[in-house]
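To start, the structure itself, in structure tokens.
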Amino acid sequence: MTDFRTEHDFLGEKEISNDCYYGVQTMRAKENFDITGISIGSEPLFIKAFGHVKKAAALANRDLGVLDLKKAEAIAYACDRLIAGEFTDQFVSDLIQGGAGTSTNMNANEVIANVGLEYLGHKKGEYEYLHPNNDVNLSQSTNDAYPSAFRIALYLKAASFITALEELQLAFYNKGKEFDGVLKMGRTQLQDAVPMTLGQEFNAFATALGKDVEHIKMAVRMLTAVNMGATAIGTGVNAPEGYAALCVKYLADISAVPVTLASDLIEATYDTGALVQLSGALKQSAIKLSKICNDLRLLSSGPRCGLSEINLPAMQPGSSIMPGKVNPVIPELMNQTCFYVMGADVTVTMAAEAGQLQLNVMEPVMGMALFTSLQYLTKACDTLKDKCVVGITANADHSRNMVMQSIGIVTQLNPILGYEECSSIAKEALVTGKSIYEIVVIERKLISQIKWEEIYSVENLIHPKFIAQ
């Protein structure tokens with residue numbers, strides 16, 4: 001039979017199982033906010049970040065003489081265990097919650113207090129010896145502890161996405177080298193344009209992703225200004241002199257994240273511009289990734305009745321009725337992930353705008369949107385790299401034949417024959433089905449065979465030089 005303890009807050013008493021390290025306020029949050037089914041414990045970096053924040057606060061309070069040495073030691077011990085990844089199952093508050101994150105902050109305060117109580121030789125709930133509010137939350141408010149932990153968690157979580165994006169970028173660069181000599185037709189508005197190489201196309205994918213890496217790194221740097229010491233609204237009420245600077249110094253040392261104290265704590269307490277910036281960078285990355293995957297699906301369309309310039313790895317049968325059909329399921333997976341991230345950016349945008357006066361109470365849903373976007377994009381990039389990009393092969397002969405049968409190659413003759421003559425050639429080719437070569441060299445004898453071979457050599461098609469008559 002499970003033992004229970006009785007805990008109280010100003011709303012009354014509640015029975016809490018002695019198996020639980022959380023307390024009465026967390027229990028209320030568990031009952032009130034059953035929305036997503038995703039608890040804050042599912043984001044271990046968030047819990048780790050709270051360990052950093054609460055330990056930094058305890059050490060600063062200890063140094064300033066407002067927290068007993070033994071209590072500070074117990075809090076630091078409990079925080080170290082959170083930082084090590086323990087007790088994530090005790091963080092049961094839903095990611096989306098009312099109260100601007102108060103439930104999450106109190107979840108951390110209660111778990112740390114009860115772990116600290118056991119360290120001191122007391123029972124869970126004996127808060128007269130170590131109190132969640134009076135001691136663990138000393139010199140703090142949800143309004144500085146929650147956003148500071150949130151930003152540290154995002155900083156740490158973004159590192160995995162940056163790595164995944166860089167590895168995907170490298171995979172595209174490697175394919176670019178592999179396909180360097182594969183001639184193909186470039187297209188604009190889905191119509192034949194002028195020749196290029198498949199390598200150039202894949203290199204461009206890589207370059208686009210490289211720009212995204214830089215944008216995300218820039219956005220992540222904006223997360224490092226925190227408002228620890230602001231307490232309720234930025235005035236630092238209930239915090240001792242010098243606490244803010246000292247706490248942030250400890251926070252930087254403990255977390256190894258280069259956090260700095262925001263220059264205006266009132267502005268920093270309500271402003272969520274850094275979160276909007278990060279969300280926008282993720283949306284931009286999602287747009288580019290989805291565009292690239294659209295291109296991969298087009299280039300691999302077929303195999304007999306599409307472009308069929310590349311082959312994607314066959315991952316699974318593509319139909320319950322059409323034998324032999326194989327679908328581009330991995331690019332499709334990335335497309336759908338990107339659609340989610342684009343929608344999540346709308347959530348962040350609206351939540352950032354919805355803050356009133358001295359606090360933005362909507363940060364929990366911003367957390368949900370950003371944490372899931374980072375997680376899903378990281379997994380999708382790894383999947384796209386491992387199960388698609390590295391296994392792509394080129395249909396080089398087919399691509400070259402399409403180039404030489406294309407009407408678009410007449411563009412190379414503009415400097416010699418002029419636009420009007422080339423338009424006439426293109427029209428005849430379109431109507432009759434003849435090749436540009438047949439019309440220009442054999443029938444109209446507008447250029448010699450030698451000149452044709454000079455203009456339409458693979459090297460000149462790939463790296464075109466200006467050639468006149």
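Identifiers for the structure tokens are assigned positionally: chains receive A, B, ... in sequence, residues are indexed from 1 per chain, and ligands are indexed from 1 in the order shown.
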
DSSP helix (DSSP H, G or I) selection over stretch 184-300 of chain A, as a PyMOL selection string
chain A and resi 198-224+243-255+265-270+273-299

Would you list the contacts of A:Pro464 as a count of residues only, taking every protein, DNA or RNA residue within 12 Å and counting only C-alpha atoms, but skipping same-chain residues closer than 3 positions in sequence?
17

Quick one: residues within 10 Å of A:Asp3, only C-alpha atoms counted, chain neighbours fewer than 3 positions away excluded, as a PyMOL selection string?
chain A and resi 15-19

Would you mind listing what lies within 8 Å of stretch 211-227 of chain A as JSON, numbers by chain, with only C-alpha atoms counted and same-chain residues fewer than 2 positions away left out?
{"A": [144, 147, 148, 151, 152, 154, 155, 158, 162, 165, 166, 207, 208, 209, 229, 230, 234, 248, 257, 258, 259, 260, 261, 262, 265, 268, 269, 274, 275, 277, 278, 281, 282, 284, 285]}

Can you write just those residues out, C-alpha atoms, as a PDB file, in the first residue's frame?
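Output file again_36.pdb follows:
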ATOM      1  CA  ASP A 144      12.985  35.211 -14.446  1.00  0.00           C
ATOM      2  CA  PRO A 147      12.544  32.169 -19.278  1.00  0.00           C
ATOM      3  CA  SER A 148      16.207  31.820 -18.283  1.00  0.00           C
ATOM      4  CA  ARG A 151      16.585  29.934 -23.220  1.00  0.00           C
ATOM      5  CA  ILE A 152      19.382  27.720 -21.920  1.00  0.00           C
ATOM      6  CA  LEU A 154      16.828  26.020 -26.426  1.00  0.00           C
ATOM      7  CA  TYR A 155      20.509  26.901 -26.728  1.00  0.00           C
ATOM      8  CA  ALA A 158      19.588  23.828 -31.025  1.00  0.00           C
ATOM      9  CA  ILE A 162      22.807  22.555 -36.116  1.00  0.00           C
ATOM     10  CA  LEU A 165      21.873  20.308 -40.615  1.00  0.00           C
ATOM     11  CA  GLU A 166      25.642  20.532 -41.102  1.00  0.00           C
ATOM     12  CA  THR A 207      24.989  26.076 -50.132  1.00  0.00           C
ATOM     13  CA  ALA A 208      21.387  26.899 -49.223  1.00  0.00           C
ATOM     14  CA  LEU A 209      21.585  24.733 -46.099  1.00  0.00           C
ATOM     15  CA  GLY A 229      17.556  38.748 -10.992  1.00  0.00           C
ATOM     16  CA  ALA A 230      14.612  40.531 -12.585  1.00  0.00           C
ATOM     17  CA  GLY A 234      12.296  43.422 -13.791  1.00  0.00           C
ATOM     18  CA  VAL A 248      24.268  35.074 -13.994  1.00  0.00           C
ATOM     19  CA  VAL A 257      26.372  28.477 -21.923  1.00  0.00           C
ATOM     20  CA  PRO A 258      27.715  32.032 -22.467  1.00  0.00           C
ATOM     21  CA  VAL A 259      24.759  33.757 -20.812  1.00  0.00           C
ATOM     22  CA  THR A 260      24.933  37.439 -19.919  1.00  0.00           C
ATOM     23  CA  LEU A 261      22.711  39.673 -17.844  1.00  0.00           C
ATOM     24  CA  ALA A 262      20.235  41.602 -20.012  1.00  0.00           C
ATOM     25  CA  LEU A 265      15.591  43.710 -17.025  1.00  0.00           C
ATOM     26  CA  ALA A 268      13.897  41.449 -20.960  1.00  0.00           C
ATOM     27  CA  THR A 269      11.115  40.150 -18.715  1.00  0.00           C
ATOM     28  CA  ALA A 274      14.889  36.157 -29.379  1.00  0.00           C
ATOM     29  CA  LEU A 275      12.317  33.362 -29.471  1.00  0.00           C
ATOM     30  CA  GLN A 277      14.049  35.187 -34.201  1.00  0.00           C
ATOM     31  CA  LEU A 278      14.863  31.521 -33.562  1.00  0.00           C
ATOM     32  CA  ALA A 281      15.203  30.872 -38.572  1.00  0.00           C
ATOM     33  CA  LEU A 282      13.677  27.413 -38.123  1.00  0.00           C
ATOM     34  CA  GLN A 284      13.298  29.560 -43.068  1.00  0.00           C
ATOM     35  CA  SER A 285      15.218  26.316 -42.778  1.00  0.00           C
TER      36      SER A 285
END

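Residue nearest A:Lys249, chosen from A:Gly116, A:Ala57, A:Phe10, A:Ala29 and counting only C-alpha atoms: A:Ala57.
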
Among the residues A:Ala58, A:Ile425, A:Ala100, A:Leu183, the one that comes closest to A:Tyr270 [using only C-alpha atoms]
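That would be A:Ala100, the residue with the smallest distance to A:Tyr270.
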
Between atom CA of A:Val410 and atom CA of A:Ile292, what is the distance in Å, rounded to a tenth?
28.1 Å

Kindly give the distance, in Å, that separates atom CA of A:Ile254 and atom CA of A:His52, rounded to a single decimal.
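Atom CA of A:His52 lies 6.2 Å from atom CA of A:Ile254.
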
Members of stretch 7-228 of chain A assigned strand (DSSP E) by DSSP, as a PyMOL selection string
chain A and resi 7-9+12-17+183-188+191-197+225-226

Atom CA of A:Gly355 to atom CA of A:Val276, distance in Å rounded to a single decimal
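Going from atom CA of A:Gly355 over to atom CA of A:Val276, I get 12.8 Å.
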
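All residues of protein, DNA or RNA that reach within 12 Å of A:Tyr129, judged by only C-alpha atoms and not counting those fewer than 3 positions away in the chain, are Asp68, Lys70, Lys71, Ala72, Ala74, Ile75, Ala113, Asn114, Gly116, Leu117, Glu118, Tyr119, Leu120, Gly121, His122, Lys123, Lys124, Gly125, Glu126, Pro132, Asn133, Asn134, Asp135 and Val136 of chain A.
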
Stretch 363-371 of chain A surroundings by only C-alpha atoms, 8 Å radius, close-in-sequence under 3 positions cut, as a short mmCIF file (atom, residue, chain, number, x, y, z; two decimals) with N, CA and C atoms, in the first residue's frame:
data_model
loop_
_atom_site.label_atom_id
_atom_site.label_comp_id
_atom_site.auth_asym_id
_atom_site.auth_seq_id
_atom_site.Cartn_x
_atom_site.Cartn_y
_atom_site.Cartn_z
N GLU A 43 11.27 16.81 -22.06
CA GLU A 43 12.35 17.69 -22.54
C GLU A 43 13.46 17.72 -21.49
N LEU A 95 3.40 20.62 -21.07
CA LEU A 95 4.19 21.68 -21.70
C LEU A 95 3.35 22.94 -21.92
N ILE A 96 2.07 22.76 -22.27
CA ILE A 96 1.19 23.92 -22.39
C ILE A 96 0.42 24.08 -21.09
N GLN A 97 0.49 25.26 -20.50
CA GLN A 97 -0.12 25.50 -19.19
C GLN A 97 -0.41 26.98 -19.03
N GLY A 98 -1.43 27.29 -18.23
CA GLY A 98 -1.64 28.67 -17.85
C GLY A 98 -0.66 29.06 -16.75
N ALA A 100 1.96 31.35 -17.04
CA ALA A 100 3.28 31.84 -17.49
C ALA A 100 4.43 30.94 -17.05
N GLY A 101 4.15 29.65 -16.82
CA GLY A 101 5.21 28.73 -16.44
C GLY A 101 5.38 28.55 -14.94
N PRO A 147 11.97 31.79 -17.98
CA PRO A 147 12.54 32.17 -19.28
C PRO A 147 14.05 31.94 -19.37
N PHE A 150 14.41 28.27 -19.98
CA PHE A 150 13.89 28.04 -21.33
C PHE A 150 14.94 28.37 -22.37
N LEU A 154 16.86 25.83 -24.98
CA LEU A 154 16.83 26.02 -26.43
C LEU A 154 18.24 26.09 -27.00
N LYS A 157 19.50 22.55 -27.04
CA LYS A 157 18.77 21.71 -27.99
C LYS A 157 19.09 22.09 -29.43
N LEU A 275 13.06 34.58 -29.15
CA LEU A 275 12.32 33.36 -29.47
C LEU A 275 11.69 33.47 -30.86
N SER A 279 12.53 31.05 -34.00
CA SER A 279 11.43 30.40 -34.72
C SER A 279 11.45 30.76 -36.20
N VAL A 341 6.59 22.70 -38.79
CA VAL A 341 7.45 23.77 -38.27
C VAL A 341 6.97 25.13 -38.73
N ALA A 344 4.13 25.93 -36.55
CA ALA A 344 4.60 26.26 -35.21
C ALA A 344 5.14 27.68 -35.13
N ASP A 345 5.72 28.16 -36.23
CA ASP A 345 6.20 29.54 -36.25
C ASP A 345 5.04 30.53 -36.13
N THR A 347 2.39 29.95 -34.40
CA THR A 347 2.08 29.89 -32.97
C THR A 347 3.01 30.80 -32.17
N VAL A 348 4.31 30.71 -32.45
CA VAL A 348 5.28 31.54 -31.74
C VAL A 348 5.01 33.02 -32.01
N ALA A 351 1.89 34.09 -30.09
CA ALA A 351 2.14 34.09 -28.65
C ALA A 351 3.03 35.25 -28.24
N ALA A 352 4.02 35.59 -29.07
CA ALA A 352 4.90 36.71 -28.76
C ALA A 352 4.13 38.03 -28.78
N ASN A 360 5.09 38.33 -20.70
CA ASN A 360 4.42 37.52 -21.72
C ASN A 360 4.07 36.18 -21.09
N LEU A 374 12.45 21.90 -33.09
CA LEU A 374 13.86 21.52 -33.09
C LEU A 374 14.03 20.00 -33.10
N GLN A 375 13.22 19.33 -32.30
CA GLN A 375 13.32 17.87 -32.21
C GLN A 375 12.93 17.21 -33.53
#

Can you tell me which residues surround A:Ser399 at a distance of at most 9 Å, considering only C-alpha atoms, apart from same-chain residues fewer than 5 positions away, and format the answer as a JSON list (two decimals) with N, CA and C atoms, in the first residue's frame?
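In the end it all went to result-v4.json:
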[["chain", "number", "residue", "atom", "x", "y", "z"],
["A", 182, "VAL", "N", 27.84, 14.97, -64.48],
["A", 182, "VAL", "CA", 26.56, 14.49, -65.00],
["A", 182, "VAL", "C", 25.79, 15.65, -65.63],
["A", 183, "LEU", "N", 25.73, 15.66, -66.97],
["A", 183, "LEU", "CA", 25.04, 16.72, -67.70],
["A", 183, "LEU", "C", 23.53, 16.55, -67.57],
["A", 184, "LYS", "N", 22.82, 17.64, -67.38],
["A", 184, "LYS", "CA", 21.36, 17.59, -67.29],
["A", 184, "LYS", "C", 20.78, 18.93, -67.75],
["A", 185, "MET", "N", 19.49, 18.97, -67.90],
["A", 185, "MET", "CA", 18.83, 20.22, -68.30],
["A", 185, "MET", "C", 18.37, 20.97, -67.05],
["A", 307, "LEU", "N", 10.72, 12.62, -64.94],
["A", 307, "LEU", "CA", 12.07, 13.13, -65.26],
["A", 307, "LEU", "C", 13.11, 12.03, -65.12],
["A", 308, "SER", "N", 13.05, 11.29, -64.03],
["A", 308, "SER", "CA", 13.92, 10.13, -63.81],
["A", 308, "SER", "C", 15.41, 10.45, -63.99],
["A", 309, "GLU", "N", 15.81, 11.63, -63.52],
["A", 309, "GLU", "CA", 17.24, 11.98, -63.59],
["A", 309, "GLU", "C", 18.03, 11.36, -62.45],
["A", 310, "ILE", "N", 17.36, 11.11, -61.33],
["A", 310, "ILE", "CA", 18.02, 10.49, -60.18],
["A", 310, "ILE", "C", 17.16, 9.34, -59.68],
["A", 394, "ALA", "N", 22.57, 8.64, -59.99],
["A", 394, "ALA", "CA", 22.21, 9.46, -61.15],
["A", 394, "ALA", "C", 21.98, 8.59, -62.38],
["A", 404, "MET", "N", 20.25, 16.88, -75.03],
["A", 404, "MET", "CA", 20.52, 17.02, -76.45],
["A", 404, "MET", "C", 19.24, 16.99, -77.30]]

Looking at A:Asp94, A:Asp253, A:Glu267, A:Asp295, which one is nearest to A:Leu357, with distances taken over only C-alpha atoms?
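Among the listed residues, the smallest separation from A:Leu357 belongs to A:Glu267.
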
From A:Ile416, A:Leu289, A:Ile321, A:Cys247, residue lying nearest A:Phe466 [only C-alpha atoms]
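Checking each candidate against A:Phe466, we get A:Ile416 as the closest.
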